[in-house]
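See below for start-v1.cif, which holds mmCIF, C-alpha atoms.
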```
data_model
#
loop_
_atom_site.label_atom_id
_atom_site.label_comp_id
_atom_site.auth_asym_id
_atom_site.auth_seq_id
_atom_site.Cartn_x
_atom_site.Cartn_y
_atom_site.Cartn_z
CA MET A 176 -171.49 141.56 -150.61
CA SER A 177 -175.18 141.41 -149.53
CA GLN A 178 -177.32 144.49 -149.91
CA PRO A 179 -178.79 146.18 -146.82
CA PRO A 180 -182.51 145.46 -146.24
CA SER A 181 -184.96 147.85 -147.87
CA ASP A 182 -187.17 150.16 -145.84
CA ALA A 183 -190.18 148.05 -146.84
CA ASP A 184 -188.52 144.87 -145.53
CA VAL A 185 -187.57 146.57 -142.27
CA GLU A 186 -191.15 147.83 -141.83
CA LEU A 187 -192.57 144.37 -142.58
CA ALA A 188 -190.10 142.66 -140.21
CA GLN A 189 -190.98 145.03 -137.39
CA GLU A 190 -194.70 144.39 -137.95
CA LEU A 191 -194.27 140.59 -138.02
CA LEU A 192 -192.07 140.62 -134.94
CA ALA A 193 -194.64 142.68 -133.04
CA LEU A 194 -197.46 140.30 -134.05
CA TRP A 195 -195.46 137.26 -132.97
CA ASP A 196 -194.01 138.77 -129.82
CA ASN A 197 -197.05 140.43 -128.27
CA GLY A 198 -198.45 137.30 -126.71
CA ASN A 199 -201.67 137.12 -128.74
CA GLY A 200 -200.96 133.58 -129.90
CA VAL A 201 -199.98 134.27 -133.52
CA SER A 202 -197.50 131.55 -134.50
CA LYS A 203 -194.61 131.84 -136.89
CA SER A 204 -196.19 129.33 -139.25
CA GLN A 205 -199.45 131.33 -139.37
CA LEU A 206 -197.56 134.53 -140.11
CA GLU A 207 -195.61 132.78 -142.87
CA ARG A 208 -198.83 131.56 -144.53
CA GLU A 209 -200.45 134.99 -144.31
CA THR A 210 -197.37 136.88 -145.52
CA TRP A 211 -195.72 134.62 -148.09
CA ASP A 212 -198.33 131.90 -148.62
CA ASP A 213 -195.73 129.44 -147.32
CA GLY A 214 -196.92 126.66 -145.06
CA SER A 215 -193.89 124.36 -145.36
CA SER A 216 -191.17 126.24 -143.51
CA HIS A 217 -192.57 125.74 -139.99
CA GLY A 218 -191.16 129.05 -138.72
CA ARG A 219 -187.67 128.82 -140.23
CA ARG A 220 -188.42 131.38 -142.98
CA PHE A 221 -189.73 133.78 -140.33
CA ASP A 222 -186.54 133.32 -138.26
CA ARG A 223 -184.26 133.94 -141.25
CA PHE A 224 -186.21 137.03 -142.34
CA ILE A 225 -186.23 138.66 -138.90
CA ARG A 226 -182.56 137.81 -138.27
CA GLY A 227 -181.39 139.08 -141.67
CA THR A 228 -183.50 142.24 -141.57
CA LEU A 229 -183.45 143.33 -137.94
CA GLY A 230 -180.58 141.27 -136.53
CA VAL A 231 -182.93 139.81 -133.92
CA GLU A 232 -182.70 136.12 -133.01
CA THR A 233 -186.17 134.55 -132.79
CA SER A 234 -185.26 130.87 -132.85
CA ARG A 235 -185.31 129.30 -129.42
CA ARG A 236 -183.39 126.21 -128.53
CA SER A 237 -185.20 123.43 -126.75
CA ARG A 238 -184.37 122.55 -123.17
CA GLN A 239 -182.85 119.31 -124.44
CA THR A 240 -180.55 121.25 -126.78
CA ASP A 241 -179.37 123.38 -123.87
CA ARG A 242 -178.67 120.30 -121.80
CA ILE A 243 -176.64 118.74 -124.59
CA ALA A 244 -174.64 121.98 -124.96
CA ASP A 245 -173.96 122.03 -121.19
CA LEU A 246 -172.78 118.41 -121.25
CA GLU A 247 -170.45 119.11 -124.18
CA THR A 248 -169.00 122.08 -122.28
CA GLN A 249 -168.35 119.87 -119.26
CA ILE A 250 -166.65 117.27 -121.46
CA VAL A 251 -164.44 119.95 -123.01
CA SER A 252 -163.49 121.26 -119.56
CA LEU A 253 -162.27 117.75 -118.67
CA GLY A 254 -159.95 117.78 -121.66
CA ALA A 255 -161.94 115.33 -123.81
CA HIS A 256 -163.81 115.66 -127.10
CA PRO A 257 -167.59 114.98 -127.25
CA VAL A 258 -168.32 111.80 -129.26
CA GLY A 259 -170.02 112.59 -132.56
CA ALA A 260 -169.14 116.28 -132.48
CA GLU A 261 -167.07 117.73 -135.29
CA GLU A 262 -163.37 117.75 -134.42
CA VAL A 263 -162.00 121.23 -135.05
CA GLU A 264 -158.22 121.57 -135.40
CA TRP A 265 -157.88 124.69 -133.26
CA GLN A 266 -159.80 123.00 -130.44
CA VAL A 267 -157.45 120.02 -130.63
CA GLN A 268 -154.48 122.38 -130.29
CA LEU A 269 -156.15 124.15 -127.37
CA GLN A 270 -156.70 120.90 -125.49
CA HIS A 271 -153.06 120.03 -126.18
CA ALA A 272 -152.06 123.36 -124.63
CA ARG A 273 -154.17 122.69 -121.53
CA ALA A 274 -152.77 119.17 -121.12
CA SER A 275 -149.17 120.41 -121.48
CA CYS A 276 -149.73 123.21 -118.97
CA LEU A 277 -151.25 120.86 -116.38
CA GLU A 278 -148.42 118.37 -116.87
CA ALA A 279 -145.86 121.16 -116.39
CA LEU A 280 -147.57 122.12 -113.14
CA ARG A 281 -147.74 118.51 -111.98
CA VAL A 282 -144.00 118.02 -112.56
CA TRP A 283 -143.16 121.25 -110.75
CA ASN A 284 -145.26 120.44 -107.68
CA ASP A 285 -144.09 116.81 -107.47
CA PRO A 286 -141.74 116.66 -104.43
CA THR A 287 -139.91 113.69 -105.98
CA SER A 288 -139.21 115.45 -109.28
CA ALA A 289 -135.49 115.28 -110.13
CA PHE A 290 -135.57 117.37 -113.33
CA ARG A 291 -138.10 120.03 -112.33
CA THR A 292 -137.03 123.12 -114.28
CA GLY A 293 -136.00 121.15 -117.36
CA ALA A 294 -139.32 119.32 -117.63
CA PHE A 295 -141.34 122.43 -116.78
CA SER A 296 -139.59 124.54 -119.43
CA LEU A 297 -140.16 121.92 -122.13
CA LEU A 298 -143.84 121.44 -121.29
CA PHE A 299 -144.59 125.11 -120.69
CA VAL A 300 -143.09 126.18 -124.04
CA THR A 301 -145.04 123.36 -125.71
CA ALA A 302 -148.25 124.64 -124.11
CA TRP A 303 -147.79 128.14 -125.51
CA ASN A 304 -146.77 126.78 -128.91
CA SER A 305 -150.18 125.08 -129.04
CA LEU A 306 -151.95 128.20 -127.71
CA GLY A 307 -150.46 130.23 -130.55
CA LEU A 308 -151.49 127.62 -133.10
CA ALA A 309 -155.02 127.44 -131.68
CA LEU A 310 -155.62 131.18 -131.86
CA LEU A 311 -154.16 131.60 -135.36
CA GLN A 312 -156.13 128.63 -136.70
CA ARG A 313 -159.36 129.81 -135.07
CA GLU A 314 -158.98 133.26 -136.66
CA GLY A 315 -157.92 131.89 -140.05
CA LYS A 316 -154.45 133.48 -139.90
CA GLU A 317 -151.28 131.94 -141.30
CA TRP A 318 -149.51 129.65 -138.86
CA ARG A 319 -147.37 127.68 -141.31
CA ARG A 320 -143.81 128.21 -142.45
CA LEU A 321 -143.81 129.31 -146.09
CA ASP A 322 -141.09 128.98 -148.70
CA SER A 323 -139.90 131.75 -151.05
CA SER A 324 -142.82 131.11 -153.40
CA GLY A 325 -145.38 131.39 -150.60
CA GLU A 326 -146.11 127.66 -150.40
CA PRO A 327 -146.16 125.77 -147.07
CA VAL A 328 -142.92 124.00 -146.17
CA LEU A 329 -143.47 120.23 -146.00
CA VAL A 330 -141.47 117.64 -144.10
CA ASP A 331 -142.49 114.05 -144.89
CA GLY A 332 -145.70 115.47 -146.34
CA THR A 333 -146.61 117.42 -143.18
CA GLU A 334 -146.97 121.20 -143.10
CA GLN A 335 -144.45 122.81 -140.76
CA SER A 336 -145.54 125.46 -138.28
CA LEU A 337 -143.66 128.61 -137.36
CA ASP A 338 -141.27 128.45 -134.40
CA THR A 339 -142.82 129.01 -130.98
CA LEU A 340 -141.72 132.63 -130.56
CA GLU A 341 -142.85 133.46 -134.10
CA LEU A 342 -146.26 131.92 -133.39
CA ILE A 343 -146.61 133.85 -130.14
CA GLY A 344 -145.45 137.09 -131.75
CA ARG A 345 -148.08 136.70 -134.46
CA ALA A 346 -150.95 135.38 -132.31
CA PHE A 347 -150.40 137.63 -129.27
CA ALA A 348 -148.97 140.77 -130.82
CA ASP A 349 -150.86 143.35 -128.74
CA ALA A 350 -149.09 145.42 -126.09
CA GLU A 351 -150.96 143.67 -123.26
CA TYR A 352 -149.07 140.46 -124.11
CA ARG A 353 -145.59 141.99 -123.97
CA GLY A 354 -144.85 140.54 -120.54
CA ILE A 355 -145.70 136.96 -121.50
CA ARG A 356 -143.83 137.26 -124.83
CA GLU A 357 -140.67 138.23 -122.94
CA ASN A 358 -141.36 135.57 -120.31
CA LEU A 359 -141.61 132.87 -122.99
CA ALA A 360 -138.42 134.07 -124.69
CA LEU A 361 -136.62 133.42 -121.40
CA TRP A 362 -138.22 129.99 -121.02
CA VAL A 363 -137.04 129.02 -124.50
CA GLU A 364 -133.49 130.02 -123.49
CA ILE A 365 -133.78 128.16 -120.19
CA ARG A 366 -135.12 125.05 -121.97
CA ASN A 367 -132.12 125.08 -124.32
CA ALA A 368 -129.61 125.84 -121.54
CA VAL A 369 -130.64 123.04 -119.15
CA ALA A 370 -130.88 120.22 -121.70
CA HIS A 371 -128.87 117.19 -120.49
CA ARG A 372 -127.78 119.04 -117.33
CA HIS A 373 -128.78 118.46 -113.72
CA LEU A 374 -129.18 121.89 -112.06
CA PRO A 375 -131.48 121.57 -109.03
CA ALA A 376 -130.41 125.00 -107.73
CA LEU A 377 -132.13 126.53 -110.76
CA ASP A 378 -135.54 125.50 -109.39
CA TYR A 379 -135.40 128.25 -106.75
CA VAL A 380 -134.33 130.98 -109.13
CA VAL A 381 -137.00 130.64 -111.82
CA ILE A 382 -140.04 130.61 -109.51
CA PRO A 383 -141.03 134.24 -110.36
CA LEU A 384 -140.92 133.45 -114.08
CA ALA A 385 -142.87 130.21 -113.69
CA GLN A 386 -145.60 131.73 -111.53
CA ALA A 387 -146.10 134.71 -113.85
CA GLY A 388 -146.27 132.47 -116.92
CA LEU A 389 -148.81 130.09 -115.40
CA LEU A 390 -151.15 132.85 -114.26
CA LYS A 391 -151.08 134.48 -117.70
CA THR A 392 -151.79 131.10 -119.30
CA GLU A 393 -154.93 130.78 -117.23
CA ALA A 394 -156.00 134.33 -118.08
CA VAL A 395 -155.59 133.70 -121.82
CA LEU A 396 -157.49 130.41 -121.67
CA VAL A 397 -160.48 132.14 -120.04
CA ASP A 398 -160.42 135.58 -121.68
CA VAL A 399 -159.56 134.49 -125.21
CA PHE A 400 -161.10 131.01 -125.47
CA GLY A 401 -163.82 130.82 -122.80
CA ASP A 402 -164.59 129.77 -119.23
CA GLU A 403 -164.93 126.11 -120.21
CA TYR A 404 -161.17 125.98 -120.87
CA ALA A 405 -160.15 127.29 -117.43
CA LEU A 406 -157.69 125.28 -115.35
CA GLY A 407 -158.25 127.06 -112.03
CA GLU A 408 -160.58 124.46 -110.56
CA LYS A 409 -157.88 121.82 -111.05
CA LEU A 410 -155.23 123.83 -109.20
CA SER A 411 -154.47 124.41 -105.53
CA VAL A 412 -151.93 126.28 -103.41
CA PRO A 413 -148.93 123.94 -102.98
CA LEU A 414 -147.89 123.00 -99.46
CA GLN A 415 -144.47 124.28 -98.40
CA LEU A 416 -141.72 122.69 -96.31
CA SER A 417 -139.14 125.46 -96.59
CA GLY A 418 -139.05 129.07 -95.53
CA PHE A 419 -141.19 128.96 -92.40
CA ARG A 420 -138.69 127.63 -89.88
CA ASP A 421 -135.27 128.50 -91.32
CA PRO A 422 -134.39 132.20 -90.96
CA ASP A 423 -131.36 131.66 -93.21
CA VAL A 424 -133.32 130.13 -96.11
CA LEU A 425 -132.68 133.16 -98.31
CA GLY A 426 -128.95 132.95 -97.70
CA SER A 427 -128.89 129.24 -98.52
CA ARG A 428 -130.74 129.91 -101.77
CA LYS A 429 -128.21 132.56 -102.71
CA LYS A 430 -125.47 129.98 -102.24
CA LEU A 431 -127.35 127.58 -104.50
CA GLN A 432 -127.71 130.29 -107.13
CA ALA A 433 -123.97 130.92 -106.95
CA SER A 434 -123.33 127.28 -107.87
CA LEU A 435 -125.04 127.54 -111.27
CA PRO A 436 -122.92 127.49 -114.45
CA LEU A 437 -122.03 130.89 -115.85
CA ASP A 438 -124.00 130.45 -119.08
CA VAL A 439 -127.18 129.70 -117.14
CA GLN A 440 -126.52 132.66 -114.85
CA ALA A 441 -126.15 134.82 -117.95
CA VAL A 442 -129.69 133.88 -119.03
CA LEU A 443 -131.04 134.71 -115.57
CA ALA A 444 -129.12 137.97 -115.43
CA ARG A 445 -130.77 139.06 -118.68
CA ALA A 446 -134.14 138.36 -117.09
CA TYR A 447 -133.43 141.02 -114.46
CA GLU A 448 -131.89 143.50 -116.88
CA ALA A 449 -135.30 144.28 -118.39
CA THR A 450 -136.79 147.76 -118.25
CA ALA A 451 -138.50 148.90 -115.06
CA ASP A 452 -141.98 148.67 -116.56
CA LEU A 453 -141.36 145.10 -117.73
CA LEU A 454 -139.99 144.05 -114.32
CA ALA A 455 -143.16 145.47 -112.75
CA ASP A 456 -145.38 143.48 -115.17
CA PRO A 457 -146.77 140.44 -113.27
CA THR A 458 -147.18 138.56 -116.57
CA TYR A 459 -143.38 138.71 -117.02
CA MET A 460 -142.17 138.00 -113.50
CA MET A 461 -144.06 137.52 -110.24
CA ARG A 462 -142.61 137.41 -106.75
CA VAL A 463 -144.72 135.52 -104.22
CA ALA A 464 -144.48 135.49 -100.44
CA PHE A 465 -146.29 133.08 -98.11
CA ILE A 466 -147.10 134.56 -94.72
CA PRO A 467 -148.46 132.22 -92.01
CA ALA A 468 -151.53 133.70 -90.30
CA VAL A 469 -153.94 132.57 -87.60
CA PRO A 470 -157.45 134.13 -87.42
CA ALA A 471 -157.73 136.42 -84.41
CA SER A 472 -161.14 134.98 -83.56
CA GLY A 473 -159.76 131.46 -83.28
CA ARG A 474 -162.45 130.23 -85.65
CA SER A 475 -161.92 128.54 -88.99
CA PRO A 476 -160.97 131.08 -91.69
CA ASP A 477 -163.16 131.64 -94.72
CA VAL A 478 -160.27 130.72 -97.02
CA VAL A 479 -156.84 129.22 -96.47
CA ALA A 480 -154.85 131.65 -98.66
CA TYR A 481 -155.24 135.29 -99.56
CA PHE A 482 -153.88 136.77 -102.77
CA VAL A 483 -153.47 140.49 -103.33
CA ARG A 484 -152.59 142.27 -106.54
CA PRO A 485 -149.48 144.43 -106.89
CA GLY A 486 -150.29 147.90 -105.59
CA GLU A 487 -152.86 146.66 -103.08
CA VAL A 488 -150.36 145.79 -100.33
CA PRO A 489 -150.19 148.26 -97.40
CA THR A 490 -146.98 150.30 -97.36
CA GLU A 491 -145.73 148.81 -94.08
CA LEU A 492 -146.18 145.24 -95.33
CA GLU A 493 -144.68 146.04 -98.72
CA GLU A 494 -141.49 147.35 -97.06
CA THR A 495 -141.21 144.14 -95.06
CA LEU A 496 -141.81 141.97 -98.11
CA ASP A 497 -139.11 143.84 -100.02
CA ARG A 498 -136.66 142.84 -97.28
CA TYR A 499 -137.72 139.20 -97.05
CA VAL A 500 -138.94 138.54 -100.57
CA VAL A 501 -138.57 134.88 -101.58
CA LEU A 502 -136.22 135.63 -104.44
CA THR A 503 -134.14 138.71 -105.06
CA LYS A 504 -132.28 139.90 -108.10
CA PRO A 505 -129.11 137.85 -108.41
CA ALA A 506 -125.94 139.86 -107.99
CA ALA A 507 -123.57 140.21 -110.90
CA ARG A 508 -121.33 137.16 -110.97
CA PRO A 509 -117.51 137.51 -110.99
CA ASN A 510 -116.42 137.17 -114.61
CA PHE A 511 -112.87 138.58 -114.88
CA ARG A 512 -109.79 136.38 -115.14
CA ALA A 513 -106.73 137.31 -113.07
CA THR A 514 -104.90 138.64 -116.14
CA GLN A 515 -107.85 140.90 -116.96
CA VAL A 516 -107.87 142.20 -113.38
CA ILE A 517 -104.15 142.95 -113.55
CA ASP A 518 -104.49 144.79 -116.87
CA GLU A 519 -107.31 146.96 -115.56
CA VAL A 520 -105.58 147.76 -112.24
CA GLN A 521 -102.40 148.73 -114.11
CA ARG A 522 -104.36 150.94 -116.47
CA ARG A 523 -106.14 152.77 -113.65
CA THR A 524 -103.22 153.10 -111.18
CA GLY A 525 -100.31 153.41 -113.58
CA TYR A 526 -98.33 150.85 -111.50
CA LYS A 527 -97.11 147.46 -112.75
CA LEU A 528 -98.72 144.45 -111.07
CA ASN A 529 -97.67 140.85 -111.69
CA THR A 530 -99.54 137.57 -111.11
CA ASN A 531 -97.61 136.72 -107.92
CA GLN A 532 -98.47 140.09 -106.39
CA HIS A 533 -102.12 139.66 -107.39
CA ALA A 534 -102.25 136.19 -105.79
CA LEU A 535 -100.77 137.64 -102.58
CA LEU A 536 -103.31 140.50 -102.54
CA SER A 537 -106.23 138.12 -103.17
CA ARG A 538 -105.27 136.21 -100.01
CA THR A 539 -104.42 139.14 -97.74
CA LEU A 540 -107.57 141.05 -98.74
CA GLY A 541 -109.90 138.06 -98.32
CA ALA A 542 -110.81 137.21 -101.90
CA ARG A 543 -109.20 133.75 -101.69
CA PRO A 544 -108.35 131.32 -98.85
CA ASP A 545 -104.92 131.48 -97.24
CA ARG A 546 -102.12 129.47 -98.80
CA GLY A 547 -102.41 125.79 -97.89
CA GLU A 548 -106.17 125.89 -97.42
CA PRO A 549 -108.53 124.26 -99.98
CA ASP A 550 -109.62 126.42 -102.88
CA GLY A 551 -113.15 127.73 -102.61
CA THR A 552 -115.34 130.81 -102.77
CA LEU A 553 -115.00 133.03 -99.70
CA ASP A 554 -116.94 136.12 -100.74
CA ILE A 555 -118.69 136.05 -104.11
CA LYS A 556 -118.71 139.83 -104.04
CA TYR A 557 -115.00 139.66 -104.92
CA ALA A 558 -114.19 136.25 -106.36
CA GLU A 559 -115.67 132.86 -107.20
CA TYR A 560 -113.87 129.55 -107.49
CA ILE A 561 -115.06 127.66 -110.59
CA THR A 562 -114.65 123.99 -109.70
CA SER A 563 -114.98 122.68 -113.24
CA PHE A 564 -112.11 124.89 -114.46
CA LYS A 565 -110.15 124.96 -111.19
CA ARG A 566 -109.62 128.70 -111.41
CA TYR A 567 -110.86 131.89 -109.81
CA LEU A 568 -112.91 134.57 -111.51
CA TYR A 569 -112.98 138.08 -110.06
CA SER A 570 -115.58 140.84 -109.94
CA GLN A 571 -115.63 144.53 -110.76
CA ALA A 572 -115.84 145.17 -107.02
CA TRP A 573 -112.48 143.37 -106.60
CA ILE A 574 -110.88 145.54 -109.29
CA ASP A 575 -112.23 148.68 -107.62
CA LEU A 576 -110.90 147.53 -104.24
CA LEU A 577 -107.42 146.93 -105.63
CA VAL A 578 -107.37 150.30 -107.37
CA ASP A 579 -108.35 151.97 -104.10
CA LYS A 580 -105.79 150.05 -102.02
CA LEU A 581 -102.90 150.54 -104.48
CA SER A 582 -103.53 154.18 -105.37
CA THR A 583 -100.34 155.55 -103.72
CA PRO A 584 -96.71 154.30 -103.76
CA GLU A 585 -96.77 153.92 -99.96
CA GLU A 586 -99.91 151.77 -99.96
CA PHE A 587 -98.65 149.70 -102.89
CA GLU A 588 -95.38 148.89 -101.11
CA GLU A 589 -97.09 148.19 -97.80
CA LEU A 590 -99.44 145.60 -99.37
CA THR A 591 -97.08 143.96 -101.88
CA GLY A 592 -93.75 144.32 -100.11
CA THR A 593 -92.10 146.03 -103.09
CA PRO A 594 -92.14 149.61 -104.31
CA PRO A 595 -94.26 150.19 -107.43
CA ALA A 596 -92.85 150.54 -110.92
CA GLN A 597 -94.52 152.75 -113.47
CA VAL A 598 -96.28 151.11 -116.43
CA ASP A 599 -94.48 151.80 -119.70
CA THR A 600 -96.99 153.65 -121.89
CA THR A 601 -94.67 154.29 -124.83
#
```
Please go through the file and, once you have read it, give me the structure as structure tokens.
Amino acid sequence: MSQPPSDADVELAQELLALWDNGNGVSKSQLERETWDDGSSHGRRFDRFIRGTLGVETSRRSRQTDRIADLETQIVSLGAHPVGAEEVEWQVQLQHARASCLEALRVWNDPTSAFRTGAFSLLFVTAWNSLGLALLQREGKEWRRLDSSGEPVLVDGTEQSLDTLELIGRAFADAEYRGIRENLALWVEIRNAVAHRHLPALDYVVIPLAQAGLLKTEAVLVDVFGDEYALGEKLSVPLQLSGFRDPDVLGSRKKLQASLPLDVQAVLARAYEATADLLADPTYMMRVAFIPAVPASGRSPDVVAYFVRPGEVPTELEETLDRYVVLTKPAARPNFRATQVIDEVQRRTGYKLNTNQHALLSRTLGARPDRGEPDGTLDIKYAEYITSFKRYLYSQAWIDLLVDKLSTPEEFEELTGTPPAQVDTT
């Protein structure tokens, strides 16, 4: 460890700096000759001495050097590497992250995209995998998978990195990154769930997660790595074809959501089961509403879109947005089989209920179509017809309704046509 400068060195450095900096024409080289009898350094010894003693930078780059630095910055911002410059591994990973993020955005905004969520999830997770690698490599922290002896794990001679979520947990461990860590955990699940499956309805449901993740990506690129890595100038507000003319667009989206497989719905349900503070974190999930507006003056507006932060929306507008928000929390999906419904109703009422009686009740109370009509979902609040399994699943609300309707012997007989029999509890 280097020793701190002596008082004599500090006094000498202050004197030399004053002589050079007071505009009387004393050059660094002249001061070096007079002080150290050194005429060969051409100012470099002076610079090192002042920097090491006082922490003051006295070397000045030429205008040409500044121009070269500006050009290199512009090249980096375009996603390329300056020819002749040293290639640094963390910078390669960072450019990979930027390229993956832009490609994810391009796929999402492409109106002809047929595998939007699947491609976005793959590319977006890849982008953050590279972001984690870039930060850990830049800071000299371990990014590799190690074996029991502490040596890097090799596959075909190549060092293996940690999994994406491990990288992110290590690189972005601070509390301010909690929202994006949870966001990415969901995207990893979504990526795995949609592989080899065509689920276009999912595109509408994951918009809040996608928007939050993209905005946090941009913030990390600028705040952690620098303005030259920003993507904002390459982005624009996408044009919309839906939502402005169809007052029932929200209802149609709910129907699309209801068509998703149960395992995918389970992933999405977990997204909305987060704590209140996490749901309010715009880096975890962001709801966006587009509101058409025409300037009152009739003149061209200063900008074509206005963005406000959470908490800055007037109360009256916020109440309206809550009613017509683009995406709402999906309701709990029916997940009880008929036999499970019967068991629970019997337990709570004490009356025996068989499958024929349950089928009759499901039709008379509007959970299923009338006999002879095609099977299908009538009210997802009570029951959902699963086409792939050709069976109905029922909700907790349906169980509660049956318990309420069959709570007395008179009501039970009126609805089923037979008097109730007590459940044998022995």
List as a list in words the protein and nucleic acid residues near A:Thr530, meaning an atom at most 9 Å away when only C-alpha atoms are counted, but skip any in the same chain fewer than 5 places from it.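 The contact residues come out as Ala513, Thr514, Ile517 and Leu535 of chain A.
The interatomic distance for the pair atom CA of A:Asp518 and atom CA of A:Ile561 works out to 21.1 Å.
Picture a line from atom CA of A:Ala534 to atom CA of A:Val516; it runs 11.2 Å.
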When the PyMOL selection byres ((chain A and resi 532) around 10) is applied to the file above, which residues end up in the set, as a list in words?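 Against this file, the PyMOL selection byres ((chain A and resi 532) around 10) returns the residues Ile517, Lys527, Leu528, Asn529, Thr530, Asn531, His533, Ala534, Leu535, Leu536, Ser537, Leu590, Thr591, Gly592 and Thr593 of chain A.
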What would the selection look like, as a PyMOL selection string, if the PyMOL selection byres ((chain A and resi 550) around 12) were run on the coordinates I just shared? chain A and resi 538+542-549+551-553+558-562+564-567
Residues proximal to (-181.1, 145.4, -146.1) were defined as those with any atom within 12 Å of that point in the file's coordinates, counting only C-alpha atoms. Which are they, as a PyMOL selection string? chain A and resi 176-186+188+224-230
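Those residues returned by the PyMOL selection byres ((chain A and resi 341-356) around 6) for this file are Gly307, Leu311, Leu337, Asp338, Thr339, Leu340, Glu357, Asn358, Leu359, Thr458 and Tyr459 of chain A.
Atom CA of A:Ala441 to atom CA of A:Leu453 spans 18.4 Å [interatomic distance, one decimal].
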May I ask which of the residues A:Thr583, A:Leu192, A:Arg320, A:Trp265 is the closest one to A:Val231, counting all atoms listed in the file?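 Selected residue with least distance to A:Val231: A:Leu192.
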Start from the incomplete input, build N, CA and C atoms for stretch 531-544 of chain A, and deliver everything as an mmCIF file, in the frame of the given file.
```cif
data_model
loop_
_atom_site.group_PDB
_atom_site.id
_atom_site.type_symbol
_atom_site.label_atom_id
_atom_site.label_comp_id
_atom_site.auth_asym_id
_atom_site.auth_seq_id
_atom_site.Cartn_x
_atom_site.Cartn_y
_atom_site.Cartn_z
ATOM 1 N N ASN A 531 -97.949 137.101 -109.299
ATOM 2 C CA ASN A 531 -97.610 136.720 -107.920
ATOM 3 C C ASN A 531 -98.124 137.750 -106.920
ATOM 4 N N GLN A 532 -97.964 139.030 -107.270
ATOM 5 C CA GLN A 532 -98.470 140.090 -106.390
ATOM 6 C C GLN A 532 -99.999 140.026 -106.297
ATOM 7 N N HIS A 533 -100.655 139.746 -107.412
ATOM 8 C CA HIS A 533 -102.120 139.660 -107.390
ATOM 9 C C HIS A 533 -102.587 138.495 -106.524
ATOM 10 N N ALA A 534 -101.884 137.340 -106.621
ATOM 11 C CA ALA A 534 -102.250 136.190 -105.790
ATOM 12 C C ALA A 534 -102.084 136.517 -104.314
ATOM 13 N N LEU A 535 -100.995 137.229 -103.970
ATOM 14 C CA LEU A 535 -100.770 137.640 -102.580
ATOM 15 C C LEU A 535 -101.890 138.550 -102.099
ATOM 16 N N LEU A 536 -102.243 139.549 -102.909
ATOM 17 C CA LEU A 536 -103.310 140.500 -102.540
ATOM 18 C C LEU A 536 -104.650 139.788 -102.374
ATOM 19 N N SER A 537 -104.931 138.807 -103.250
ATOM 20 C CA SER A 537 -106.230 138.120 -103.170
ATOM 21 C C SER A 537 -106.375 137.353 -101.861
ATOM 22 N N ARG A 538 -105.214 136.926 -101.295
ATOM 23 C CA ARG A 538 -105.270 136.210 -100.010
ATOM 24 C C ARG A 538 -105.297 137.173 -98.827
ATOM 25 N N THR A 539 -104.488 138.207 -98.874
ATOM 26 C CA THR A 539 -104.420 139.140 -97.740
ATOM 27 C C THR A 539 -105.681 139.997 -97.638
ATOM 28 N N LEU A 540 -106.359 140.227 -98.755
ATOM 29 C CA LEU A 540 -107.570 141.050 -98.740
ATOM 30 C C LEU A 540 -108.863 140.221 -98.698
ATOM 31 N N GLY A 541 -108.735 138.907 -98.571
ATOM 32 C CA GLY A 541 -109.900 138.060 -98.320
ATOM 33 C C GLY A 541 -110.698 137.622 -99.526
ATOM 34 N N ALA A 542 -110.090 137.696 -100.715
ATOM 35 C CA ALA A 542 -110.810 137.210 -101.900
ATOM 36 C C ALA A 542 -110.607 135.716 -102.097
ATOM 37 N N ARG A 543 -109.503 135.183 -101.558
ATOM 38 C CA ARG A 543 -109.200 133.750 -101.690
ATOM 39 C C ARG A 543 -108.732 133.216 -100.340
ATOM 40 N N PRO A 544 -108.836 131.899 -100.112
ATOM 41 C CA PRO A 544 -108.350 131.320 -98.850
ATOM 42 C C PRO A 544 -106.837 131.492 -98.711
#
```
